[in-house]
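Undergrad: Right, I'll just put the structure down here and ask away after.
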Amino acid sequence: MKDFKLDNEPKITSGFTTPDGYFDTFTDRISAKLTVHEPKVISIFSLRKTWYYAVAAILVLMLSIPLYTKYTTSQEIDAATLENYIAYQSNISEEVLVDLLEQEDLDKLKLELDLDDTAIEETLQTNPNLEQYLID
C-alpha cells in the first residue's frame, strides 16, 4: 500500500467565505436582536400550598368514607318484592329455600289459622264465587 500524505494532496475549498470582520461584531448584533426576557419566578411557598391542599383532600376522603358507610342506612326490600323474586326464580326449589332459612324465619312464616266453622260458612255464603273455592 502506498503512503498517503494529506499535506501533499491538493486542497479542496468549500466555496463558502465570510466577510472580513464578520465574527468580530457577531455577538453584539445577536444580543441586539434578542429581546430581554425576564424569567418567571415561582415561589417555593406556592408549591407547598399545593401539597397542603392535596394532603387535606386525602384526609377528608379518608375520614368521610367510614362515616358515610356508618351512618347510611340500606333500603330494605319489601316482602312483596322478595316474594315475587323468589316465585319467578325457577331454578330454586322449596327444599333449597327451607335449607337456607333459619328456625327463626320458619317460625315467622307459620300461619295461625283459628277459623271457626261459622266464619267459613259466612265466607262461603257471602261470596258469589263458590265454584272457585270448590275447583281449587
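Labels used: A, B, ... for chains in the order of the C-alpha cells, numbers from 1 for residues in each chain, and numbers from 1 for ligands as shown.
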I need the residues of range 1-111 of chain A that end up classed as alpha helix (DSSP H) by DSSP on the backbone, written out as a count of residues only.

TA: 60

Undergrad: Just to confirm, what's the straight-line distance from CA of Ser93 in chain A to CA of Asp107 in chain A in Å (one decimal)?

TA: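 Between CA of Ser93 in chain A and CA of Asp107 in chain A the gap works out to 19.6 Å.
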
Undergrad: CA of Gln75 in chain A and CA of Ile92 in chain A, how far apart in Å?

TA: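 Between CA of Ile92 in chain A and CA of Gln75 in chain A the gap works out to 24.5 Å.
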
Undergrad: Using only C-alpha atoms, which residues sit within 12 Å of Leu97 in chain A once same-chain residues fewer than 5 positions away are excluded, as a PDB file with C-alpha atoms, in the first residue's frame?

TA:
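out_9.pdb, written as the output of this step:
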```pdb
ATOM      1  CA  GLU A  83     -91.786 -12.975  47.260  1.00  0.00           C
ATOM      2  CA  ILE A  86     -88.354 -15.911  44.688  1.00  0.00           C
ATOM      3  CA  ALA A  87     -91.523 -17.019  42.892  1.00  0.00           C
ATOM      4  CA  GLN A  89     -86.799 -17.950  40.037  1.00  0.00           C
ATOM      5  CA  ASN A  91     -84.111 -22.860  39.484  1.00  0.00           C
ATOM      6  CA  ILE A  92     -84.768 -22.524  43.235  1.00  0.00           C
ATOM      7  CA  GLU A 102     -83.208 -20.430  59.864  1.00  0.00           C
ATOM      8  CA  ASP A 105     -87.542 -17.341  59.891  1.00  0.00           C
ATOM      9  CA  LEU A 106     -89.611 -20.515  59.701  1.00  0.00           C
TER      10      LEU A 106
END
```
